[in-house]
Every structure is written in structure tokens, then in C-alpha cells.
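Student: start_36.cif (mmCIF, C-alpha atoms, pLDDT in the B column; chains and numbers go by the auth columns) pasted underneath:
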data_target
#
loop_
_atom_site.group_PDB
_atom_site.id
_atom_site.type_symbol
_atom_site.label_atom_id
_atom_site.label_comp_id
_atom_site.label_asym_id
_atom_site.label_seq_id
_atom_site.Cartn_x
_atom_site.Cartn_y
_atom_site.Cartn_z
_atom_site.B_iso_or_equiv
_atom_site.auth_seq_id
_atom_site.auth_asym_id
ATOM 1 C CA MET A 1 0.000 0.000 0.000 66.00 90 R
ATOM 2 C CA GLU A 2 2.820 2.378 0.839 75.00 91 R
ATOM 3 C CA LYS A 3 4.439 1.731 -2.558 74.00 92 R
ATOM 4 C CA ALA A 4 1.214 2.674 -4.333 65.00 93 R
ATOM 5 C CA LYS A 5 0.796 5.772 -2.171 69.00 94 R
ATOM 6 C CA LYS A 6 4.381 6.862 -2.896 71.00 95 R
ATOM 7 C CA CYS A 7 3.835 6.436 -6.672 67.00 96 R
ATOM 8 C CA LEU A 8 0.822 8.759 -6.519 67.00 97 R
ATOM 9 C CA GLU A 9 2.544 11.535 -4.576 75.00 98 R
ATOM 10 C CA LEU A 10 3.341 14.697 -6.515 72.00 99 R
ATOM 11 C CA ASN A 11 6.690 16.438 -6.462 80.00 100 R
ATOM 12 C CA SER A 12 6.728 20.206 -5.794 79.00 101 R
ATOM 13 C CA ASP A 13 6.602 21.159 -9.516 78.00 102 R
ATOM 14 C CA GLU A 14 3.690 18.803 -10.182 71.00 103 R
ATOM 15 C CA SER A 15 1.879 20.031 -7.096 71.00 104 R
ATOM 16 C CA GLU A 16 2.269 23.650 -8.193 73.00 105 R
ATOM 17 C CA THR A 17 1.006 22.826 -11.702 71.00 106 R
ATOM 18 C CA VAL A 18 -2.064 21.032 -10.330 61.00 107 R
ATOM 19 C CA SER A 19 -2.825 23.907 -7.950 66.00 108 R
ATOM 20 C CA ARG A 20 -3.019 26.300 -10.921 66.00 109 R
ATOM 21 C CA VAL A 21 -5.629 24.242 -12.792 60.00 110 R
ATOM 22 C CA ALA A 22 -8.790 26.325 -12.972 55.00 111 R
ATOM 23 C CA ILE A 23 -11.939 24.247 -12.679 49.00 112 R
ATOM 24 C CA PRO A 24 -14.955 26.438 -13.363 51.00 113 R
ATOM 25 C CA ALA A 25 -18.239 25.806 -11.579 51.00 114 R
ATOM 26 C CA LEU A 26 -20.480 23.439 -13.506 48.00 115 R
ATOM 27 C CA GLN A 27 -23.442 25.098 -15.177 55.00 116 R
ATOM 28 C CA ILE A 28 -26.377 23.339 -16.808 51.00 117 R
ATOM 29 C CA GLY A 29 -25.530 22.641 -20.429 55.00 118 R
ATOM 30 C CA LYS A 30 -21.778 22.957 -19.791 61.00 119 R
ATOM 31 C CA SER A 31 -19.343 20.076 -19.432 61.00 120 R
ATOM 32 C CA SER A 32 -17.337 19.425 -16.287 65.00 121 R
ATOM 33 C CA PHE A 33 -13.544 19.303 -16.099 62.00 122 R
ATOM 34 C CA TYR A 34 -13.784 15.508 -15.943 66.00 123 R
ATOM 35 C CA GLU A 35 -15.984 15.259 -19.037 67.00 124 R
ATOM 36 C CA ALA A 36 -13.780 17.671 -20.971 66.00 125 R
ATOM 37 C CA PHE A 37 -10.716 15.617 -20.013 66.00 126 R
ATOM 38 C CA ALA A 38 -12.370 12.250 -20.717 69.00 127 R
ATOM 39 C CA LEU A 39 -13.703 13.377 -24.098 73.00 128 R
ATOM 40 C CA ARG A 40 -10.504 15.029 -25.342 73.00 129 R
ATOM 41 C CA GLY A 41 -9.910 13.817 -28.898 77.00 130 R
ATOM 42 C CA ILE A 42 -13.502 12.681 -29.507 83.00 131 R
ATOM 43 C CA LEU A 43 -14.942 14.134 -32.716 85.00 132 R
ATOM 44 C CA VAL A 44 -18.740 14.096 -33.027 89.00 133 R
ATOM 45 C CA GLU A 45 -19.444 13.325 -36.682 90.00 134 R
ATOM 46 C CA ARG A 46 -23.213 12.867 -36.766 90.00 135 R
ATOM 47 C CA VAL A 47 -26.162 13.258 -34.433 90.00 136 R
ATOM 48 C CA GLU A 48 -29.612 11.975 -35.328 89.00 137 R
ATOM 49 C CA PRO A 49 -32.576 11.062 -33.135 89.00 138 R
ATOM 50 C CA GLY A 50 -31.474 7.911 -31.321 91.00 139 R
ATOM 51 C CA VAL A 51 -27.956 7.817 -32.863 93.00 140 R
ATOM 52 C CA VAL A 52 -24.639 9.522 -32.121 92.00 141 R
ATOM 53 C CA LEU A 53 -21.604 8.761 -34.305 91.00 142 R
ATOM 54 C CA CYS A 54 -18.131 9.805 -33.130 91.00 143 R
ATOM 55 C CA SER A 55 -14.534 9.113 -34.065 89.00 144 R
ATOM 56 C CA PHE A 56 -11.398 8.965 -31.971 85.00 145 R
ATOM 57 C CA LYS A 57 -7.735 8.531 -32.855 79.00 146 R
ATOM 58 C CA ASP A 58 -5.708 6.733 -30.195 67.00 147 R
ATOM 59 C CA ARG A 59 -2.339 8.492 -29.893 63.00 148 R
ATOM 60 C CA ASP A 60 -0.975 6.730 -26.831 64.00 149 R
ATOM 61 C CA GLY A 61 -1.048 3.074 -27.822 60.00 150 R
ATOM 62 C CA LYS A 62 -3.539 0.541 -26.514 65.00 151 R
ATOM 63 C CA LEU A 63 -6.827 2.129 -25.427 74.00 152 R
ATOM 64 C CA ALA A 64 -7.359 1.059 -21.806 81.00 153 R
ATOM 65 C CA ASN A 65 -10.437 -0.969 -20.901 86.00 154 R
ATOM 66 C CA GLY A 66 -11.371 1.636 -18.281 86.00 155 R
ATOM 67 C CA ALA A 67 -11.305 4.362 -20.938 85.00 156 R
ATOM 68 C CA ILE A 68 -13.617 2.299 -23.135 89.00 157 R
ATOM 69 C CA ALA A 69 -16.029 1.747 -20.210 92.00 158 R
ATOM 70 C CA ASN A 70 -15.949 5.481 -19.458 90.00 159 R
ATOM 71 C CA LEU A 71 -16.797 6.278 -23.089 90.00 160 R
ATOM 72 C CA VAL A 72 -19.662 3.745 -23.026 93.00 161 R
ATOM 73 C CA ASP A 73 -21.025 5.696 -20.054 92.00 162 R
ATOM 74 C CA ILE A 74 -20.634 9.163 -21.572 89.00 163 R
ATOM 75 C CA VAL A 75 -21.487 8.460 -25.230 91.00 164 R
ATOM 76 C CA GLY A 76 -24.295 6.066 -24.233 92.00 165 R
ATOM 77 C CA ALA A 77 -25.802 8.728 -21.970 90.00 166 R
ATOM 78 C CA SER A 78 -25.518 11.375 -24.700 88.00 167 R
ATOM 79 C CA VAL A 79 -27.854 9.463 -26.994 90.00 168 R
ATOM 80 C CA ALA A 80 -30.373 8.938 -24.153 90.00 169 R
ATOM 81 C CA TYR A 81 -30.431 12.623 -23.138 86.00 170 R
ATOM 82 C CA ILE A 82 -33.667 14.545 -23.743 83.00 171 R
ATOM 83 C CA PRO A 83 -33.292 18.350 -23.534 82.00 172 R
ATOM 84 C CA GLY A 84 -35.384 19.944 -20.810 82.00 173 R
ATOM 85 C CA LEU A 85 -35.711 16.755 -18.757 82.00 174 R
ATOM 86 C CA PRO A 86 -33.611 15.724 -15.761 80.00 175 R
ATOM 87 C CA MET A 87 -30.360 13.918 -16.526 79.00 176 R
ATOM 88 C CA ASN A 88 -30.425 10.145 -16.692 85.00 177 R
ATOM 89 C CA VAL A 89 -28.640 8.083 -14.055 88.00 178 R
ATOM 90 C CA SER A 90 -26.607 5.028 -15.101 91.00 179 R
ATOM 91 C CA VAL A 91 -28.175 1.861 -13.737 92.00 180 R
ATOM 92 C CA ASP A 92 -26.063 -0.788 -15.461 94.00 181 R
ATOM 93 C CA ILE A 93 -23.109 -0.842 -17.853 95.00 182 R
ATOM 94 C CA SER A 94 -21.656 -3.957 -19.416 96.00 183 R
ATOM 95 C CA VAL A 95 -18.789 -4.055 -21.879 96.00 184 R
ATOM 96 C CA SER A 96 -17.493 -6.893 -24.051 96.00 185 R
ATOM 97 C CA TYR A 97 -13.861 -6.340 -25.029 95.00 186 R
ATOM 98 C CA VAL A 98 -13.341 -8.120 -28.351 94.00 187 R
ATOM 99 C CA SER A 99 -10.011 -6.745 -29.581 90.00 188 R
ATOM 100 C CA THR A 100 -7.540 -3.953 -28.813 85.00 189 R
ATOM 101 C CA ALA A 101 -6.976 -0.594 -30.451 80.00 190 R
ATOM 102 C CA LYS A 102 -3.400 -0.199 -31.579 78.00 191 R
ATOM 103 C CA LEU A 103 -1.230 2.902 -31.763 75.00 192 R
ATOM 104 C CA HIS A 104 -2.682 5.489 -34.184 80.00 193 R
ATOM 105 C CA ASP A 105 -5.839 3.433 -34.914 85.00 194 R
ATOM 106 C CA GLU A 106 -8.822 5.620 -35.664 88.00 195 R
ATOM 107 C CA LEU A 107 -11.949 4.350 -33.959 90.00 196 R
ATOM 108 C CA GLU A 108 -15.566 4.828 -34.902 94.00 197 R
ATOM 109 C CA ILE A 109 -17.853 5.008 -31.873 94.00 198 R
ATOM 110 C CA THR A 110 -21.550 4.491 -32.585 96.00 199 R
ATOM 111 C CA SER A 111 -24.178 4.896 -29.877 95.00 200 R
ATOM 112 C CA ARG A 112 -27.799 3.871 -30.501 96.00 201 R
ATOM 113 C CA VAL A 113 -30.946 3.872 -28.412 95.00 202 R
ATOM 114 C CA LEU A 114 -32.214 0.315 -28.133 95.00 203 R
ATOM 115 C CA GLY A 115 -35.499 1.348 -26.537 94.00 204 R
ATOM 116 C CA ARG A 116 -37.305 3.566 -24.053 91.00 205 R
ATOM 117 C CA THR A 117 -39.993 2.703 -21.534 90.00 206 R
ATOM 118 C CA GLY A 118 -41.125 5.406 -19.151 85.00 207 R
ATOM 119 C CA GLY A 119 -37.987 6.775 -17.522 87.00 208 R
ATOM 120 C CA TYR A 120 -35.848 3.801 -18.617 92.00 209 R
ATOM 121 C CA CYS A 121 -33.585 3.900 -21.688 94.00 210 R
ATOM 122 C CA GLY A 122 -31.276 1.215 -23.042 95.00 211 R
ATOM 123 C CA THR A 123 -28.374 2.093 -25.340 96.00 212 R
ATOM 124 C CA MET A 124 -25.662 0.207 -27.208 97.00 213 R
ATOM 125 C CA VAL A 125 -22.209 1.630 -27.936 97.00 214 R
ATOM 126 C CA ILE A 126 -19.952 -0.064 -30.508 97.00 215 R
ATOM 127 C CA PHE A 127 -16.256 0.708 -30.989 94.00 216 R
ATOM 128 C CA ARG A 128 -14.827 -0.230 -34.408 94.00 217 R
ATOM 129 C CA ASN A 129 -11.498 0.204 -36.108 92.00 218 R
ATOM 130 C CA LYS A 130 -12.477 2.747 -38.772 91.00 219 R
ATOM 131 C CA ALA A 131 -10.071 1.367 -41.403 91.00 220 R
ATOM 132 C CA THR A 132 -10.769 -2.375 -40.998 93.00 221 R
ATOM 133 C CA GLY A 133 -14.275 -2.401 -39.511 93.00 222 R
ATOM 134 C CA GLU A 134 -13.034 -4.760 -36.770 94.00 223 R
ATOM 135 C CA ILE A 135 -15.062 -4.482 -33.560 95.00 224 R
ATOM 136 C CA ILE A 136 -12.907 -3.429 -30.619 93.00 225 R
ATOM 137 C CA ALA A 137 -15.625 -3.411 -27.943 95.00 226 R
ATOM 138 C CA GLU A 138 -19.378 -3.396 -27.491 97.00 227 R
ATOM 139 C CA GLY A 139 -21.098 -1.817 -24.536 96.00 228 R
ATOM 140 C CA ARG A 140 -24.650 -1.802 -23.260 96.00 229 R
ATOM 141 C CA HIS A 141 -25.811 0.994 -21.033 95.00 230 R
ATOM 142 C CA SER A 142 -29.051 1.132 -19.031 95.00 231 R
ATOM 143 C CA LEU A 143 -30.169 4.519 -17.771 93.00 232 R
ATOM 144 C CA PHE A 144 -33.052 5.746 -15.665 92.00 233 R
ATOM 145 C CA ARG A 145 -34.640 9.172 -15.314 85.00 234 R
ATOM 146 C CA SER A 146 -37.158 9.970 -12.620 73.00 235 R
ATOM 147 C CA LYS A 147 -40.504 11.432 -13.596 66.00 236 R
ATOM 148 C CA ALA A 148 -40.294 14.613 -15.640 50.00 237 R
ATOM 149 C CA GLY A 149 -39.839 17.627 -13.463 49.00 238 R
ATOM 150 C CA PRO A 150 -37.736 20.728 -13.201 51.00 239 R
ATOM 151 C CA VAL A 151 -34.075 20.330 -14.099 51.00 240 R
ATOM 152 C CA SER A 152 -31.902 20.242 -10.985 51.00 241 R
ATOM 153 C CA LYS A 153 -29.695 23.285 -10.460 54.00 242 R
ATOM 154 C CA LEU A 154 -26.990 21.166 -8.779 51.00 243 R
#
For the file at hand, write its structure as C-alpha cells.

Tutor:
Amino acid sequence: MEKAKKCLELNSDESETVSRVAIPALQIGKSSFYEAFALRGILVERVEPGVVLCSFKDRDGKLANGAIANLVDIVGASVAYIPGLPMNVSVDISVSYVSTAKLHDELEITSRVLGRTGGYCGTMVIFRNKATGEIIAEGRHSLFRSKAGPVSKL
């Protein structure tokens, strides 16, 4: 445990750099620091009712499984979002990792609504190698939204 803790400690230069990071207050309709960081490099190519198509070029080598799961959450939720209604809450996420993305692979990320019932929405997110069409991963995302009401100001 101590080894892990020591690896995560910042030196004085790193600490100073982190302390200067400005994180603006989250406003409705604006992305958070986390979302902006997690979505860096994602290019939204097409948005239609029930479908969001994005692309992403991996510059750092193998795309980590955690990054893929995070994108299933964010891109899956984006296709379920209905303007003017409260945000959906993730209920279940499952991801099947079929292959790996290699250095400089461009990925196509397609998110589709599978269905809606009341406040429940199911989505599917597929990651493909854009050049070969090979499936890298497939995620399913279940979301729930409470009854329509005013949008929270939190």
C-alpha cells in the first residue's frame, strides 16, 4: 500500500502545476472538467434522433479498458439525453472487449438507443477500427430518469 501511495505523490513542480488548474463551476448545459478531459480527442461526426456517431484517434497506444467503459457511459448517456428533462442516471453498464486498439488506430464510436420505456432507456455503444471495420468493444448501457420535473440546479 505504501508503494502505491508513494507512486501517486506529486513532487513540488507537479503540485504547483495542479494547484493552478482552474476548474470552473459546472453550469447546466456545460461540461465538467472531468468530461472535458475524458472526451478530449472525440470528434462528433453525426447526431440523429437515437444515434450519435463519433470518431477517436488513439495516440498513446492501446486504449485502456477503463477508458472504453468510461466512453460507453458518456457516449451512451448522450444518446439517451432529452433536452429539458432531468439527466439520466446510469443503472447498469456492461462491456465486451473483443479486440484492442493499436497505436494510431482511428476508432468509430456508434451509440444507438435500443429502446425507451417510461424513464428507462437502453443504449448500445460499438467501438470499431475505422479502417478495418473490426469491432474493438461493445457496450450496453441502461439509464433511468425519474418522472419529468424541473431540471436540478446542482

Student: Which of these residues is nearest to Val202 of chain R, using only C-alpha atoms: R:Val214, R:Cys143, R:Ile225, R:Val184?

Tutor: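 The shortest atom-to-atom distance to Val202 of chain R comes from R:Val214.
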
Student: Find, counting all atoms listed in the file, the residue in R:Thr206, R:Asn218, R:Thr106, R:Thr212 that gets nearest to Phe145 of chain R.

Tutor: R:Asn218

Student: Of the candidates R:Ser185, R:Asp162, R:Glu197, R:Lys92, which one gets nearest to Glu134 of chain R if we count all atoms listed in the file?

Tutor: R:Glu197

Student: Using atom CA of Arg205 of chain R and atom CA of Leu232 of chain R as the two end points, give the distance in Å to one decimal.

Tutor: 9.6 Å

Student: To one decimal place, how far is atom CA of Arg234 of chain R from atom CA of Gly173 of chain R in Å?

Tutor: 12.1 Å

Student: Would you write out, as a list of chain:residue names, every residue that the PyMOL selection byres ((chain R and resi 200) around 9) captures in this file?

Tutor: R:Gly139, R:Val140, R:Val141, R:Leu142, R:Cys143, R:Val161, R:Val164, R:Gly165, R:Ala166, R:Ser167, R:Val168, R:Ile198, R:Thr199, R:Arg201, R:Val202, R:Thr212, R:Met213, R:Val214, R:Ile215

Student: Would you output that residue set with C-alpha atoms, as a CSV table (one decimal), keeping the file's coordinate frame?

Tutor:
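And here's result-v5.csv as it stands now:
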chain,number,residue,atom,x,y,z
R,139,GLY,CA,-31.5,7.9,-31.3
R,140,VAL,CA,-28.0,7.8,-32.9
R,141,VAL,CA,-24.6,9.5,-32.1
R,142,LEU,CA,-21.6,8.8,-34.3
R,143,CYS,CA,-18.1,9.8,-33.1
R,161,VAL,CA,-19.7,3.7,-23.0
R,164,VAL,CA,-21.5,8.5,-25.2
R,165,GLY,CA,-24.3,6.1,-24.2
R,166,ALA,CA,-25.8,8.7,-22.0
R,167,SER,CA,-25.5,11.4,-24.7
R,168,VAL,CA,-27.9,9.5,-27.0
R,198,ILE,CA,-17.9,5.0,-31.9
R,199,THR,CA,-21.6,4.5,-32.6
R,201,ARG,CA,-27.8,3.9,-30.5
R,202,VAL,CA,-30.9,3.9,-28.4
R,212,THR,CA,-28.4,2.1,-25.3
R,213,MET,CA,-25.7,0.2,-27.2
R,214,VAL,CA,-22.2,1.6,-27.9
R,215,ILE,CA,-20.0,-0.1,-30.5

Student: As an exercise, work out the distance from atom CA of Phe233 of chain R to atom CA of Pro138 of chain R in Å and give it to one decimal place.

Tutor: 18.3 Å

Student: Nearest to Cys210 of chain R among R:Ala226, R:Ala153, R:Leu160, R:Val180, with distances taken over only C-alpha atoms: which residue is it?

Tutor: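 Checking each of R:Ala226, R:Ala153, R:Leu160, R:Val180 against Cys210 of chain R, counting only C-alpha atoms, the winner is R:Val180.
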
Student: Hey, which of R:Phe216, R:Leu128, R:Glu137, R:Ser235 ends up closest to Leu174 of chain R? Count all atoms listed in the file.

Tutor: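 Closest candidate: R:Ser235.
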
Student: Pick out the closest residue to Val136 of chain R from this set: R:Ala169, R:Ile224, R:Leu203, R:Arg217. Count all atoms listed in the file.

Tutor: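 Nearest candidate to Val136 of chain R out of R:Ala169, R:Ile224, R:Leu203, R:Arg217: R:Ala169.
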
Student: Need to verify the contact set: Ala220 of chain R, 9 Å, all atoms listed in the file, exclusion of same-chain residues closer than 2 positions in sequence. Can you return it as number ranges by chain?

Tutor: R: 194-196, 217-218, 222-223
